[in-house]
Amino acid sequence: MADAWLAPDTCGVKLAEFERMTRQMTRAAPALATLADQLWQTLNAAGVSTAPALEIRRLAAWAADAASDLRRRNLLAHDMDRRTTAPKLCAPDGTYLTLPDRFTDQVSHFEGTRLADALRRAAAGDRSAWRELNRIRPEDVTPAFAKALMTSLGPDTLLTIPADLAARLAADMNLEPADGTLHVVGDARIDADAAQARSALSLLTRCLASTTDPRGKGYMGDQFLTRLTEAGRTRFRGHVDGYQSLSTLLGADAGARFSPAFFRVVGHDLIAYDRDQREKSPDVVTDLSGHFHLGNALDANTTKVVRESGGLLGRHDVHPQREILSPLLETAAHSGRDAAQTLLTGWHGPFTPQSPKNDSDLHYLIHDLRQDWSRTDHGKALGNALRTATTTPDETSTTLTLQAAKYLGDDARTHFGVDVAGNKITVRDGADDLAAMRPAMAEILARHIHQVQDVYRYFQSTTRVEGATPLRNGDLDYALLDICRDADAYETLLRAQTAHARVQIDRAIAEGKNLSNALKGEGRVFGHLIEARNRAVGGEKARLAEDLARLTAEVDGLTGLIPVAGIYAQQSAKVPGGEQAATWLTGEVMAAMKAHVVQHLAEEPDPTVLAPKDNAEAIERLFTQMVTSSLVDHGKYSAADASGQPFADPAHPGKIKPVASMNADELNALLSWANESANLANVSDDISGALEHGKVDTSGHYRDDAGDNLPPSVSR
């Protein structure tokens with residue numbers, strides 16, 4: 001590692017002073033980070049420059065790196081001191097231990113081999129081994145150290161150590177309450193042992209990540225990955241499979257990032273292993289915490305051990321993630337887009353264009369494991385992995401988005417019934433199995449709102465478009481029926497569609513295109529969203545009123561009046577290509593809208609529009625604002641008509657002042673003037689008709705077994 005912060009002539013240390021300096025630097029790093037955060041919040045709240053806080057944050061990062069380096073050097077110094085042949089230097093001010101200026105691979109190899117032996121002894125019950133293990137932290141792992149440790153352990157021992165540690169914890173925690181409830185283990189030794197086990201697992205996880213990354217210096221080769229899959233399918237002591245240990249390792253350290261190669265070989269095989277287990281037994285395959293009923297003993301950040309007794313997941317709200325694939329998915333989520341895409345684009349068996357689509361790992365995770373997720377995390381980890389895999393508008397991201405929507409839509413047809421006589425959607429058992437996945441899916445569709453528009457545009461003239469999308473006509477509406485049961489997910493989609501509409505309206509006006517066509521296309525998609533949400537909450541008046549309040553807040557915040565011309569120019573320059581530029585721009589406009597509304601509502605301005613009575617009316621007012629703002633941005637108005645108006649710019653005769661600078665009275669006057677001079681009544685007509693068309697299309701897809709469909713929900 002680089003250690004240029006030390007003086008080039010650094011060659012010797014006094015052990016006591018060096019130990020003290022190491023401890024001081026270790027304490028200083030988190031203290032500086034805390035100070036930086038507190039100072040930033042104070043300066044930001046005061047509205048002054050946060051530069052001093054950022055400089056302290058930079059120093060905190062440097063101190064953390066320096067502390068890690070010092071701890072490694074300190075370990076080396078003590079190890080060398082124990083050797084009688086260690087070179088020492090006598091000077092007038094004391095005796096110095098000569099210390100190499102840089103750590104060599106040989107030193108790291110020595111440390112890794114020594115720690116491997118300590119891990120074996122700790123797993124075997126030798127409590128004295130923990131003293132050696134505590135001398136190195138997971139963040140201090142180097143590639144050479146990791147490679148030496150993994151070489152010494154090998155895949156089999158790597159996966160038996162977590163199982164042995166978990167089994168010993170389970171034996172110590174064998175305190176079964178008579179009532180079968182959660183039990184807080186009061187033995188402080190168990191808390192300490194659990195902390196030691198978590199630290200050891202975290203160390204192993206960091207080493208595993210380093211040695212399975214082909215891009216890193218610690219990579220142990222493709223053969224190691226293959227041997228790891230073989231060990232994963234091996235049954236060890238205590239009736240534990242290797243993959244149960246591996247799953248526990250993956251969940252032991254959220255800071256470890258694994259390479260796409262790891263997911264391509266090991267990740268896919270772990271999913272295949274899970275498939276195989278499902279064919280043998282319907283039971284959920286668990287990690288070690290679930291297998292030994294350890295509760296939160298191996299969970300990160302645990303301070304007091306709380307165990308579960310009397311079943312796999314007696315309290316899933318306390319310890320929900322015990323399914324063997326959840327840690328794999330969470331690890332993919334924080335390992336980056338390429339890693340997540342590699343995992344989620346896998347196929348079971350050889351893939352050909354003629355292969356049935358339900359061979360995909362994504363279909364297995366969403367559809368086949370649906371009931372399992374209801375007993376674990378309700379799809380939260382799966383949603384997180386999908387969110388990471390679809391962060392950029394590339395082809396794989398779009399494919400995963402449409403596939404996920406397809407699978408959710410297919411399942412929704414099963415879990416939501418259609419009662420035509422009662423004019424309602426009925427919610428069946430299993431409808432909320434993937435409830436925690438809904439916010440992530442809303443964000444994913446929001447990022448791909450352009451593709452959502454394309455899907456609806458395709459099906460205006462056909463029922464299926466081969467090769468363009470896996471979705472059939474109506475699939476997306478069923479997916480929205482599921483996703484929009486979550487109010488926050490619904491709001492995310494509304495904002496994304498608002499941002500997309502704002503961009504399209506601005507383009508139509510700026511380029512002189514047919515504004516009516518743009519309004520109708522955008523309004524139709526709003527109709528789909530509103531109808532899906534109305535049906536998803538099925539006549540629950542309180543929730544419908546809440547939806548209207550959310551949308552009213554957006555309109556009252558004058559979301560439609562934010563300018564986008566400057567944002568568009570910036571993004572077009574950064575992202576070439578029309579579709580990608582539009583995708584990025586939508587995200588920028590969404591962020592600007594959110595900030596605008598939050599600020600506007602915080603200022604508690606005077607009302608600038610009459611409160612809408614329903615969602616449709618709110619959308620109509622929103623579109624009126626969008627058109628007005630775009631007309632002002634692009635100067636599409638008569639200078640003579642604008643002169644003398646309350647909103648006129650006194651510094652530039654015939655011009656309208658920027659919308660953001662207007663007060664409530666000026667905004668009211670602008671909206672009223674635009675409605676008359678720009679004939680915005682046509683906007684309301686176009687939007688009203690488009691909303692109705694979208695609602696009719698959506699309700700027409702909600703059919704019962706006899707093929708009869710629901711009428712549009714009443715919104716006025």
# chains A, B, ... in the order shown; residues from 1 in each chain; ligands from 1
$ residues_around --residues "Ser699 in chain A" --least-positions-apart "4" --cutoff "6 Å" --atoms "only C-alpha atoms" --output "PyMOL selection string"
chain A and resi 710-712
$ select_by_dssp --residues "range 183-267 of chain A" --states "strand (DSSP E)" --output "PyMOL selection string"
chain A and resi 183-184+235-236+240-241
$ closest_residue --among "A:Leu15, A:Leu408, A:Ala171, A:Ala333" --to "Ala77 in chain A" --atoms "only C-alpha atoms"
A:Leu15
$ select_by_dssp --residues "range 232-456 of chain A" --states "alpha helix (DSSP H)" --output "ChimeraX atom specification"
/A:232,242-250,260-262,268-280,288-291,325-334,337-344,361-363,370-375,380-389,395-415,438-447,449-456
$ closest_residue --among "A:His363, A:Asp394, A:Gln371, A:Asp697" --to "Gly409 in chain A" --atoms "only C-alpha atoms"
A:His363
$ residues_around --residues "range 33-50 of chain A" --least-positions-apart "5" --cutoff "10 Å" --atoms "only C-alpha atoms" --output "list in words"
Ala28, Glu55, Ile56, Arg57, Arg58, Leu59, Ala60, Ala61, Ala63 and Ala64 of chain A
$ atom_distance --atom1 "CA of Cys484 in chain A" --atom2 "CA of Arg322 in chain A"
27.1 Å
$ closest_residue --among "A:Gly417, A:Gly644, A:Gly221, A:Pro658" --to "Phe262 in chain A" --atoms "only C-alpha atoms"
A:Gly221
$ atom_distance --atom1 "CA of Met21 in chain A" --atom2 "CA of Ala146 in chain A"
26.0 Å
$ closest_residue --among "A:Lys380, A:Arg535, A:Lys520, A:Arg472" --to "Ile425 in chain A" --atoms "only C-alpha atoms"
A:Arg535
$ closest_residue --among "A:His334, A:Arg198, A:Arg73, A:Arg127" --to "Phe258 in chain A" --atoms "only C-alpha atoms"
A:His334
$ atom_distance --atom1 "CA of Asp488 in chain A" --atom2 "CA of Ser326 in chain A"
23.2 Å
$ closest_residue --among "A:Ser259, A:Ser688, A:Ser360, A:Ser630" --to "Ala510 in chain A" --atoms "only C-alpha atoms"
A:Ser630
$ residues_around --residues "His652 in chain A" --least-positions-apart "4" --cutoff "12 Å" --atoms "only C-alpha atoms" --output "list of chain:residue names"
A:Ala639, A:Ala642, A:Ser643, A:Gly644, A:Phe647, A:Ala648, A:Ile656, A:Lys657, A:Pro658
$ residues_around --residues "Tyr364 in chain A" --least-positions-apart "4" --cutoff "10 Å" --atoms "only C-alpha atoms" --output "count of residues only"
12
$ residues_around --residues "Pro214 in chain A" --least-positions-apart "4" --cutoff "10 Å" --atoms "only C-alpha atoms" --output "list in words"
Ser210, Gly218, Tyr219, Met220, Gly221, Asp222, Ser259, Pro260, Ala261 and Phe262 of chain A
